[in-house]
Each structure stands twice: as C-alpha cells, then as structure tokens.
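Okay, model.cif is below, mmCIF, C-alpha atoms and all ligand atoms; chains and numbers go by the auth columns:
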data_query
loop_
_atom_site.group_PDB
_atom_site.id
_atom_site.type_symbol
_atom_site.label_atom_id
_atom_site.label_comp_id
_atom_site.label_asym_id
_atom_site.label_seq_id
_atom_site.Cartn_x
_atom_site.Cartn_y
_atom_site.Cartn_z
_atom_site.B_iso_or_equiv
_atom_site.auth_seq_id
_atom_site.auth_asym_id
ATOM 1 C CA MET A 1 101.480 105.496 112.883 0.00 25 B
ATOM 2 C CA THR A 2 99.718 104.690 109.628 0.00 26 B
ATOM 3 C CA MET A 3 98.981 107.331 107.055 0.00 27 B
ATOM 4 C CA LYS A 4 96.444 107.234 104.269 0.00 28 B
ATOM 5 C CA CYS A 5 97.412 108.054 100.688 0.00 29 B
ATOM 6 C CA SER A 6 95.471 111.315 100.913 0.00 30 B
ATOM 7 C CA GLU A 7 97.399 112.346 104.038 0.00 31 B
ATOM 8 C CA VAL A 8 100.726 111.497 102.430 0.00 32 B
ATOM 9 C CA LEU A 9 99.844 113.377 99.257 0.00 33 B
ATOM 10 C CA ALA A 10 98.696 116.394 101.291 0.00 34 B
ATOM 11 C CA CYS A 11 102.210 116.949 102.640 0.00 35 B
ATOM 12 C CA ILE A 12 104.221 115.422 99.831 0.00 36 B
ATOM 13 C CA SER A 13 105.681 118.768 98.665 0.00 37 B
ATOM 14 C CA GLU A 14 106.907 119.528 102.181 0.00 38 B
ATOM 15 C CA TYR A 15 108.325 116.035 102.394 0.00 39 B
ATOM 16 C CA VAL A 16 110.229 116.451 99.128 0.00 40 B
ATOM 17 C CA ASP A 17 111.517 119.828 100.353 0.00 41 B
ATOM 18 C CA LYS A 18 112.428 118.210 103.690 0.00 42 B
ATOM 19 C CA GLU A 19 110.126 120.608 105.519 0.00 43 B
ATOM 20 C CA VAL A 20 108.166 118.014 107.474 0.00 44 B
ATOM 21 C CA CYS A 21 108.915 117.218 111.104 0.00 45 B
ATOM 22 C CA PRO A 22 110.921 113.997 111.726 0.00 46 B
ATOM 23 C CA ASP A 23 107.805 112.189 113.033 0.00 47 B
ATOM 24 C CA SER A 24 105.796 112.899 109.890 0.00 48 B
ATOM 25 C CA CYS A 25 108.826 112.125 107.787 0.00 49 B
ATOM 26 C CA SER A 26 109.175 108.604 109.159 0.00 50 B
ATOM 27 C CA ALA A 27 105.414 108.015 108.873 0.00 51 B
ATOM 28 C CA ILE A 28 105.568 109.079 105.235 0.00 52 B
ATOM 29 C CA GLU A 29 108.570 106.864 104.570 0.00 53 B
ATOM 30 C CA GLU A 30 106.760 103.959 106.183 0.00 54 B
ATOM 31 C CA HIS A 31 103.797 104.537 103.882 0.00 55 B
ATOM 32 C CA LEU A 32 106.017 104.917 100.811 0.00 56 B
ATOM 33 C CA ALA A 33 107.676 101.590 101.537 0.00 57 B
ATOM 34 C CA LYS A 34 104.290 99.903 101.072 0.00 58 B
ATOM 35 C CA CYS A 35 102.595 102.130 98.515 0.00 59 B
ATOM 36 C CA SER A 36 103.966 102.245 94.971 0.00 60 B
ATOM 37 C CA HIS A 37 101.328 104.802 93.997 0.00 61 B
ATOM 38 C CA CYS A 38 102.604 107.409 96.463 0.00 62 B
ATOM 39 C CA ARG A 39 106.184 106.448 95.637 0.00 63 B
ATOM 40 C CA ALA A 40 105.505 107.361 92.015 0.00 64 B
ATOM 41 C CA GLN A 41 104.133 110.734 93.165 0.00 65 B
ATOM 42 C CA VAL A 42 107.239 111.444 95.241 0.00 66 B
ATOM 43 C CA GLN A 43 109.404 110.543 92.264 0.00 67 B
ATOM 44 C CA THR A 44 107.496 112.890 89.947 0.00 68 B
ATOM 45 C CA ILE A 45 107.692 115.777 92.393 0.00 69 B
ATOM 46 C CA THR A 46 111.362 115.128 93.199 0.00 70 B
ATOM 47 C CA GLN A 47 112.151 115.233 89.487 0.00 71 B
ATOM 48 C CA THR A 48 110.182 118.479 89.143 0.00 72 B
ATOM 49 C CA VAL A 49 111.993 120.037 92.101 0.00 73 B
ATOM 50 C CA THR A 50 115.372 118.961 90.724 0.00 74 B
ATOM 51 C CA LEU A 51 114.480 120.558 87.421 0.00 75 B
ATOM 52 C CA VAL A 52 113.425 123.775 89.164 0.00 76 B
ATOM 53 C CA ARG A 53 116.701 123.915 91.092 0.00 77 B
ATOM 54 C CA ARG A 54 118.593 123.605 87.817 0.00 78 B
ATOM 55 C CA MET A 55 116.760 126.663 86.512 0.00 79 B
ATOM 56 C CA LYS A 56 117.368 128.755 89.617 0.00 80 B
ATOM 57 C CA ASN A 57 117.816 131.901 87.556 0.00 81 B
ATOM 58 C CA CYS A 58 114.302 131.905 86.236 0.00 82 B
ATOM 59 C CA CYS A 59 111.764 132.820 88.938 0.00 83 B
ATOM 60 C CA ALA A 60 108.781 132.898 86.601 0.00 84 B
ATOM 61 C CA GLN A 61 109.363 129.322 85.561 0.00 85 B
ATOM 62 C CA LYS A 62 109.836 128.258 89.140 0.00 86 B
ATOM 63 C CA ASP A 63 106.389 129.618 90.022 0.00 87 B
ATOM 64 C CA MET A 64 104.936 127.819 87.061 0.00 88 B
ATOM 65 C CA VAL A 65 106.399 124.497 88.126 0.00 89 B
ATOM 66 C CA ILE A 66 105.139 124.917 91.692 0.00 90 B
ATOM 67 C CA ARG A 67 101.640 125.529 90.350 0.00 91 B
ATOM 68 C CA LEU A 68 101.988 122.487 88.133 0.00 92 B
ATOM 69 C CA GLN A 69 103.092 120.447 91.114 0.00 93 B
ATOM 70 C CA ARG A 70 100.008 121.468 93.107 0.00 94 B
ATOM 71 C CA ARG A 71 97.811 120.560 90.159 0.00 95 B
ATOM 72 C CA ILE A 72 99.383 117.096 89.988 0.00 96 B
ATOM 73 C CA VAL A 73 98.564 116.526 93.661 0.00 97 B
ATOM 74 C CA ARG A 74 95.018 117.837 93.159 0.00 98 B
ATOM 75 C CA ILE A 75 94.381 115.600 90.168 0.00 99 B
ATOM 76 C CA ASP A 76 95.686 112.707 92.119 0.00 100 B
ATOM 77 C CA ARG A 77 93.420 113.358 95.105 0.00 101 B
ATOM 78 C CA GLY A 78 90.452 113.407 92.747 0.00 102 B
ATOM 79 C CA LYS A 79 91.166 109.797 91.889 0.00 103 B
ATOM 80 C CA LEU A 80 91.195 108.580 95.473 0.00 104 B
HETATM 81 ZN ZN ZN B . 99.783 105.748 99.278 0.00 201 B
#

As structure tokens - that is how I would like this structure written.
Amino acid sequence: MTMKCSEVLACISEYVDKEVCPDSCSAIEEHLAKCSHCRAQVQTITQTVTLVRRMKNCCAQKDMVIRLQRRIVRIDRGKL
C-alpha cells in the first residue's frame, strides 16, 4: 500500500496520537521511511504534542496548539 504525501498529512495528527488503525499506521511508516518531507512534519507535530502534554494544566493553551497544528498541516497541503 502506497500513500501520497497529502494522504499521510491528512491523518498525521491521528498518527502522532496513535489513533490510526494498524494498517494505516504501517502504510504511514512505510511512507515516512522514504519521505523526509513528511518525516519533518511528524517531528514538528510530535514536538508540539509533547509540549502540550507538558502543559496539561492549561486547557486554553492546548486548544491553541491544536489549532496551530491544523494550520501547519493546511499550509503544508497548499504547497503540494
Ligand atoms: Zn510524503
């Protein structure tokens, strides 16, 4: 199963949160092994998520970061 960058980026947040099914997960990992561009996206989002988890106590900021995350993915899709 081969995924396009746009397909990977569409479910990248779920992937980072480990909310994708095992089939999609392995397809994404397969794509990431070959695509440094998507790998960079995963890294950015993982870092964002880690940051959010460190600020667990602040819900407002968590919402803000999630919105930011979506914007990153949107900007990125615009380039493809
Ligand atoms: Zn890609």

Ligand ZN 201 (chain B): which residues are within 8 Å, counting all atoms listed in the file, as a list in words?
->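 Written in the requested form, the residues are Met27, Lys28, Cys29, Ser30, Val32, Leu33, His55, Leu56, Lys58, Cys59, Ser60, His61, Cys62 and Arg63 of chain B.
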
CA of Arg77 in chain B to CA of Ser48 in chain B, distance in Å rounded to a single decimal |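 These two atoms are separated by 24.4 Å.
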
Which distance in Å separates CA of Ala57 in chain B and CA of Arg91 in chain B, to one decimal?
->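 Going from CA of Ala57 in chain B over to CA of Arg91 in chain B covers 27.1 Å.
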
Can you tell me how far CA of Glu53 in chain B sits from CA of Ala34 in chain B, in Å to one decimal?
->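 It comes out at 14.1 Å.
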
Which residue of B:Thr68, B:Thr26, B:Ser37, B:Val76 approaches Ile52 in chain B most closely, using all atoms listed in the file | B:Thr26

Nearest candidate to Ile69 in chain B (options B:Gln93, B:Met88, B:Ala51, B:Pro46; using all atoms listed in the file) |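 Distance minimum relative to Ile69 in chain B lands on B:Gln93.
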
List the neighbours of Ile90 in chain B out to 12 Å using all atoms listed in the file; skip same-chain residues closer than 5 positions along the sequence, and give me the result as an MDAnalysis selection string.
-> chainID B and resid 37:38 41 69:70 72:77 83:85 95:97

Nearest-residue call for Val40 in chain B, choices B:Gln65, B:Arg78, B:Asp87, B:Glu54, using all atoms listed in the file = B:Gln65

Of B:Ala64, B:Gln71, B:Arg94, B:Val89, the one sitting nearest Cys35 in chain B when using only C-alpha atoms is B:Arg94

May I have the centre and edge lengths, in Å to one decimal, of an axis-aligned box around the listed atoms of range 60-71 of chain B with 5 Å added to every side, as JSON?
{"center_x": 106.7, "center_y": 109.0, "center_z": 93.0, "size_x": 20.8, "size_y": 23.5, "size_z": 17.0}
